[in-house]
$ cat query22.cif   # mmCIF, C-alpha atoms and all ligand atoms
data_start
loop_
_atom_site.label_atom_id
_atom_site.label_comp_id
_atom_site.auth_asym_id
_atom_site.auth_seq_id
_atom_site.Cartn_x
_atom_site.Cartn_y
_atom_site.Cartn_z
CA MET A 1 -22.44 -106.30 -95.70
CA LEU A 2 -24.47 -103.16 -95.04
CA GLU A 3 -27.57 -103.25 -92.89
CA ILE A 4 -30.86 -102.80 -94.77
CA ARG A 5 -33.08 -100.12 -93.24
CA THR A 6 -36.73 -101.00 -93.12
CA VAL A 7 -39.96 -99.06 -93.18
CA GLY A 8 -40.36 -96.85 -90.12
CA ASP A 9 -36.73 -95.71 -90.37
CA GLU A 10 -36.87 -91.99 -91.13
CA VAL A 11 -33.93 -92.13 -93.57
CA LEU A 12 -36.26 -93.86 -96.06
CA ARG A 13 -38.49 -90.77 -96.07
CA ARG A 14 -35.76 -88.19 -96.53
CA LYS A 15 -34.96 -86.52 -99.85
CA SER A 16 -31.39 -87.64 -100.48
CA LYS A 17 -28.65 -85.09 -101.21
CA PRO A 18 -26.75 -85.01 -104.51
CA VAL A 19 -23.16 -86.24 -104.37
CA LYS A 20 -20.80 -83.27 -104.81
CA VAL A 21 -17.55 -85.15 -105.36
CA VAL A 22 -17.27 -88.74 -106.58
CA ASN A 23 -14.36 -89.94 -104.46
CA GLY A 24 -13.12 -93.12 -102.83
CA VAL A 25 -15.82 -92.93 -100.16
CA ILE A 26 -18.52 -93.04 -102.86
CA ARG A 27 -16.75 -95.82 -104.78
CA ARG A 28 -16.54 -97.88 -101.60
CA LEU A 29 -20.24 -97.22 -100.96
CA LEU A 30 -21.03 -98.46 -104.49
CA ASP A 31 -19.00 -101.63 -103.89
CA GLU A 32 -20.66 -102.32 -100.56
CA MET A 33 -24.12 -101.60 -101.94
CA ALA A 34 -23.58 -103.99 -104.87
CA ALA A 35 -22.37 -106.73 -102.50
CA THR A 36 -25.35 -106.15 -100.21
CA MET A 37 -27.82 -106.18 -103.12
CA GLN A 38 -26.40 -109.50 -104.35
CA HIS A 39 -26.40 -110.98 -100.86
CA GLU A 40 -30.05 -110.00 -100.38
CA SER A 41 -31.01 -111.25 -103.89
CA GLY A 42 -32.35 -107.84 -104.86
CA ILE A 43 -32.29 -106.36 -108.37
CA GLY A 44 -31.61 -102.85 -107.10
CA LEU A 45 -30.57 -100.90 -104.03
CA ALA A 46 -30.60 -97.18 -103.23
CA ALA A 47 -28.28 -95.58 -100.67
CA PRO A 48 -31.08 -94.55 -98.24
CA GLN A 49 -31.88 -98.26 -97.91
CA VAL A 50 -28.51 -98.67 -96.22
CA GLY A 51 -28.96 -95.51 -94.13
CA ILE A 52 -27.15 -93.04 -96.37
CA ALA A 53 -29.19 -90.11 -97.70
CA LYS A 54 -27.11 -89.61 -100.86
CA ARG A 55 -28.25 -89.91 -104.47
CA VAL A 56 -26.53 -93.21 -105.26
CA LEU A 57 -28.03 -96.43 -106.62
CA VAL A 58 -27.03 -99.81 -107.95
CA ALA A 59 -29.09 -102.20 -110.06
CA ASP A 60 -28.64 -105.56 -111.72
CA VAL A 61 -31.59 -107.23 -113.43
CA GLY A 62 -29.36 -109.96 -114.86
CA ASP A 63 -27.63 -107.95 -117.60
CA GLY A 64 -24.75 -106.66 -115.51
CA LEU A 65 -24.23 -104.17 -112.73
CA ILE A 66 -25.36 -100.57 -113.17
CA GLU A 67 -24.05 -97.89 -110.82
CA LEU A 68 -25.48 -94.38 -110.94
CA ILE A 69 -24.76 -91.28 -108.94
CA ASN A 70 -27.15 -88.30 -109.03
CA PRO A 71 -29.48 -90.06 -111.53
CA GLU A 72 -32.02 -87.95 -113.34
CA ILE A 73 -34.83 -89.17 -115.59
CA LEU A 74 -34.84 -87.05 -118.76
CA PHE A 75 -37.65 -88.77 -120.61
CA ALA A 76 -40.27 -91.38 -119.83
CA GLU A 77 -42.90 -93.00 -122.00
CA GLY A 78 -45.36 -95.84 -122.09
CA ASN A 79 -46.75 -97.77 -119.19
CA GLN A 80 -46.21 -101.12 -117.52
CA VAL A 81 -47.95 -102.66 -114.54
CA GLY A 82 -46.19 -105.30 -112.47
CA LEU A 83 -45.58 -106.71 -109.02
CA GLU A 84 -42.98 -105.07 -106.83
CA GLY A 85 -41.52 -105.79 -103.46
CA CYS A 86 -38.82 -103.91 -101.58
CA LEU A 87 -35.95 -105.04 -99.36
CA SER A 88 -37.00 -102.22 -97.02
CA ILE A 89 -40.62 -103.42 -96.79
CA PRO A 90 -40.37 -107.15 -96.07
CA ASP A 91 -43.24 -109.43 -97.03
CA VAL A 92 -45.32 -106.77 -98.81
CA VAL A 93 -45.97 -106.94 -102.55
CA GLY A 94 -47.94 -104.44 -104.57
CA GLU A 95 -49.04 -103.88 -108.12
CA VAL A 96 -47.34 -100.74 -109.39
CA SER A 97 -47.69 -98.77 -112.61
CA ARG A 98 -44.43 -97.43 -114.07
CA ALA A 99 -43.22 -95.93 -117.33
CA GLU A 100 -42.30 -98.64 -119.84
CA SER A 101 -39.12 -96.95 -120.96
CA ILE A 102 -36.95 -94.13 -119.68
CA ARG A 103 -33.88 -92.21 -120.67
CA LEU A 104 -31.69 -91.01 -117.86
CA THR A 105 -28.38 -89.43 -117.03
CA GLY A 106 -26.09 -89.51 -114.03
CA LEU A 107 -22.48 -89.92 -113.02
CA ASN A 108 -20.49 -93.14 -113.10
CA ARG A 109 -17.94 -94.20 -110.46
CA ASP A 110 -15.28 -92.06 -112.14
CA GLY A 111 -17.46 -88.97 -111.85
CA HIS A 112 -18.12 -88.85 -115.62
CA GLN A 113 -21.57 -88.11 -116.97
CA VAL A 114 -23.28 -91.10 -118.58
CA TRP A 115 -26.56 -91.55 -120.45
CA LEU A 116 -28.68 -94.64 -120.27
CA GLU A 117 -31.81 -95.99 -121.91
CA ALA A 118 -33.84 -98.61 -120.13
CA SER A 119 -37.09 -100.42 -120.73
CA GLY A 120 -39.09 -103.22 -119.13
CA LEU A 121 -37.71 -104.61 -115.91
CA LEU A 122 -34.64 -102.36 -115.77
CA ALA A 123 -36.78 -99.26 -116.30
CA ARG A 124 -39.10 -100.43 -113.53
CA CYS A 125 -36.17 -101.08 -111.20
CA LEU A 126 -34.50 -97.72 -111.85
CA GLN A 127 -37.78 -95.83 -111.28
CA HIS A 128 -38.20 -97.71 -107.97
CA GLU A 129 -34.64 -96.80 -106.89
CA ILE A 130 -34.92 -93.14 -107.93
CA ASP A 131 -38.15 -92.95 -105.92
CA HIS A 132 -36.12 -94.11 -102.89
CA LEU A 133 -33.81 -91.12 -103.40
CA ASP A 134 -36.86 -88.87 -103.08
CA GLY A 135 -38.22 -90.62 -100.00
CA ILE A 136 -40.97 -92.38 -101.97
CA LEU A 137 -41.77 -96.06 -101.36
CA PHE A 138 -43.57 -98.39 -103.78
CA THR A 139 -46.44 -98.67 -101.32
CA ASP A 140 -47.11 -94.93 -101.93
CA ARG A 141 -47.65 -95.68 -105.61
CA ALA A 142 -49.18 -99.16 -105.48
CA ILE A 143 -52.52 -99.59 -107.23
CA ARG A 144 -53.17 -102.34 -104.70
CA ILE A 145 -51.35 -104.56 -102.24
CA VAL A 146 -51.37 -108.21 -103.25
CA SER A 147 -53.03 -110.69 -100.91
CA GLU A 148 -51.26 -113.66 -99.36
CA GLU A 149 -53.23 -116.11 -101.56
CA GLU A 150 -52.48 -114.29 -104.80
CA LEU A 151 -48.85 -114.04 -103.81
CA GLN A 152 -48.58 -117.83 -103.48
CA GLU A 153 -49.55 -118.13 -107.15
CA ARG A 154 -47.58 -115.18 -108.52
CA ARG A 155 -44.39 -115.46 -106.41
CA LYS A 156 -42.20 -115.84 -109.52
CA GLU A 157 -43.32 -112.48 -110.92
CA VAL A 158 -42.24 -110.52 -107.88
CA VAL A 159 -39.09 -108.40 -108.07
CA VAL A 160 -37.52 -107.01 -104.93
CA ASP A 161 -35.40 -103.85 -104.92
ZN ZN B 201 -37.08 -100.60 -102.60
#
$ encode --input "query22.cif" --output "structure tokens" --more "lines below"
Ligand code: ZN
Amino acid sequence: MLEIRTVGDEVLRRKSKPVKVVNGVIRRLLDEMAATMQHESGIGLAAPQVGIAKRVLVADVGDGLIELINPEILFAEGNQVGLEGCLSIPDVVGEVSRAESIRLTGLNRDGHQVWLEASGLLARCLQHEIDHLDGILFTDRAIRIVSEEELQERRKEVVVD
């Protein structure tokens, strides 16, 4: 299992570098990130969260594992507001506005270009992870941070990635 870096660690604020060659090192990173995400019960994980400033992410909102290298959002539309937490910012939940649906491209684990359309929770998750690759945390974007009392009532709505 990889160690999750938490807020205050400078790697979370770095702009991650694109992957030049998708090789065994990257495939192993993807495997270890997916295992770590599952172990931590997250729906997404970006490489800087495990201390690696490379543009690599994994996500799984319950519809299967998504792995993306050098992801790029090509198109975004609509708006959704929801509660987000982050494995790198324990015990903090905020209300964040995101695009409702996105179209993106990136490389898969074989180094081939793939295109993806996402909406709802997956779109929210992927926007959160891509922000990580640019050194942006959800607390930078949050409309507000949710209080302890409100959190007790809305715990089930919170996604952590
Ligand atoms: Zn996060």
$ closest_residue --input "query22.cif" --among "A:Ile66, A:Cys125, A:Ile52, A:Met33" --to "ligand ZN 201 (chain B)" --atoms "all atoms listed in the file"
A:Cys125
$ residues_near_ligand --input "query22.cif" --ligand "ligand ZN 201 (chain B)" --cutoff "7 Å" --atoms "all atoms listed in the file" --output "list of chain:residue names"
A:Leu45, A:Gly85, A:Cys86, A:Leu87, A:Ser88, A:His128, A:Glu129, A:His132, A:Leu137, A:Phe138, A:Val160, A:Asp161
$ write_last_selection --input "query22.cif" --atoms "C-alpha atoms" --output "PDB file, in the frame of the given file"
ATOM      1  CA  LEU A  45     -30.570-100.900-104.030  1.00  0.00           C
ATOM      2  CA  GLY A  85     -41.520-105.790-103.460  1.00  0.00           C
ATOM      3  CA  CYS A  86     -38.820-103.910-101.580  1.00  0.00           C
ATOM      4  CA  LEU A  87     -35.950-105.040 -99.360  1.00  0.00           C
ATOM      5  CA  SER A  88     -37.000-102.220 -97.020  1.00  0.00           C
ATOM      6  CA  HIS A 128     -38.200 -97.710-107.970  1.00  0.00           C
ATOM      7  CA  GLU A 129     -34.640 -96.800-106.890  1.00  0.00           C
ATOM      8  CA  HIS A 132     -36.120 -94.110-102.890  1.00  0.00           C
ATOM      9  CA  LEU A 137     -41.770 -96.060-101.360  1.00  0.00           C
ATOM     10  CA  PHE A 138     -43.570 -98.390-103.780  1.00  0.00           C
ATOM     11  CA  VAL A 160     -37.520-107.010-104.930  1.00  0.00           C
ATOM     12  CA  ASP A 161     -35.400-103.850-104.920  1.00  0.00           C
TER      13      ASP A 161
END
$ residues_around --input "query22.cif" --residues "Gly62 in chain A" --least-positions-apart "4" --cutoff "12 Å" --atoms "only C-alpha atoms" --output "list of chain:residue names"
A:Gln38, A:Ser41, A:Gly42, A:Ile43, A:Gly44, A:Ile66, A:Leu121, A:Leu122, A:Cys125, A:Val159
$ closest_residue --input "query22.cif" --among "A:Arg55, A:Arg124, A:Arg14, A:Arg5" --to "Glu100 in chain A" --atoms "all atoms listed in the file"
A:Arg124
$ closest_residue --input "query22.cif" --among "A:Glu72, A:Glu67, A:Asp9, A:Glu153" --to "Asp131 in chain A" --atoms "all atoms listed in the file"
A:Glu72
$ atom_distance --input "query22.cif" --atom1 "CA of Val56 in chain A" --atom2 "CA of Ile69 in chain A"
4.5 Å
$ decode --input "query22.cif" --residues "range 47-69 of chain A" --atoms "C-alpha atoms" --output "CSV table (one decimal), in the first residue's frame"
chain,number,residue,atom,x,y,z
A,47,ALA,CA,-0.4,10.3,-8.2
A,48,PRO,CA,0.6,13.4,-6.2
A,49,GLN,CA,-1.5,12.1,-3.3
A,50,VAL,CA,1.0,9.2,-3.1
A,51,GLY,CA,4.0,11.6,-3.4
A,52,ILE,CA,4.5,11.2,-7.2
A,53,ALA,CA,4.2,14.4,-9.2
A,54,LYS,CA,3.2,12.7,-12.5
A,55,ARG,CA,-0.1,13.1,-14.4
A,56,VAL,CA,-1.6,9.8,-13.5
A,57,LEU,CA,-5.0,9.1,-11.9
A,58,VAL,CA,-7.3,6.2,-11.0
A,59,ALA,CA,-11.0,6.4,-10.2
A,60,ASP,CA,-13.8,4.0,-9.4
A,61,VAL,CA,-17.3,5.3,-8.5
A,62,GLY,CA,-18.7,1.8,-8.6
A,63,ASP,CA,-18.8,1.2,-12.4
A,64,GLY,CA,-15.4,-0.2,-12.7
A,65,LEU,CA,-11.8,1.0,-12.6
A,66,ILE,CA,-10.7,3.9,-14.7
A,67,GLU,CA,-7.0,4.6,-15.2
A,68,LEU,CA,-5.8,7.7,-17.0
A,69,ILE,CA,-2.4,9.1,-17.8
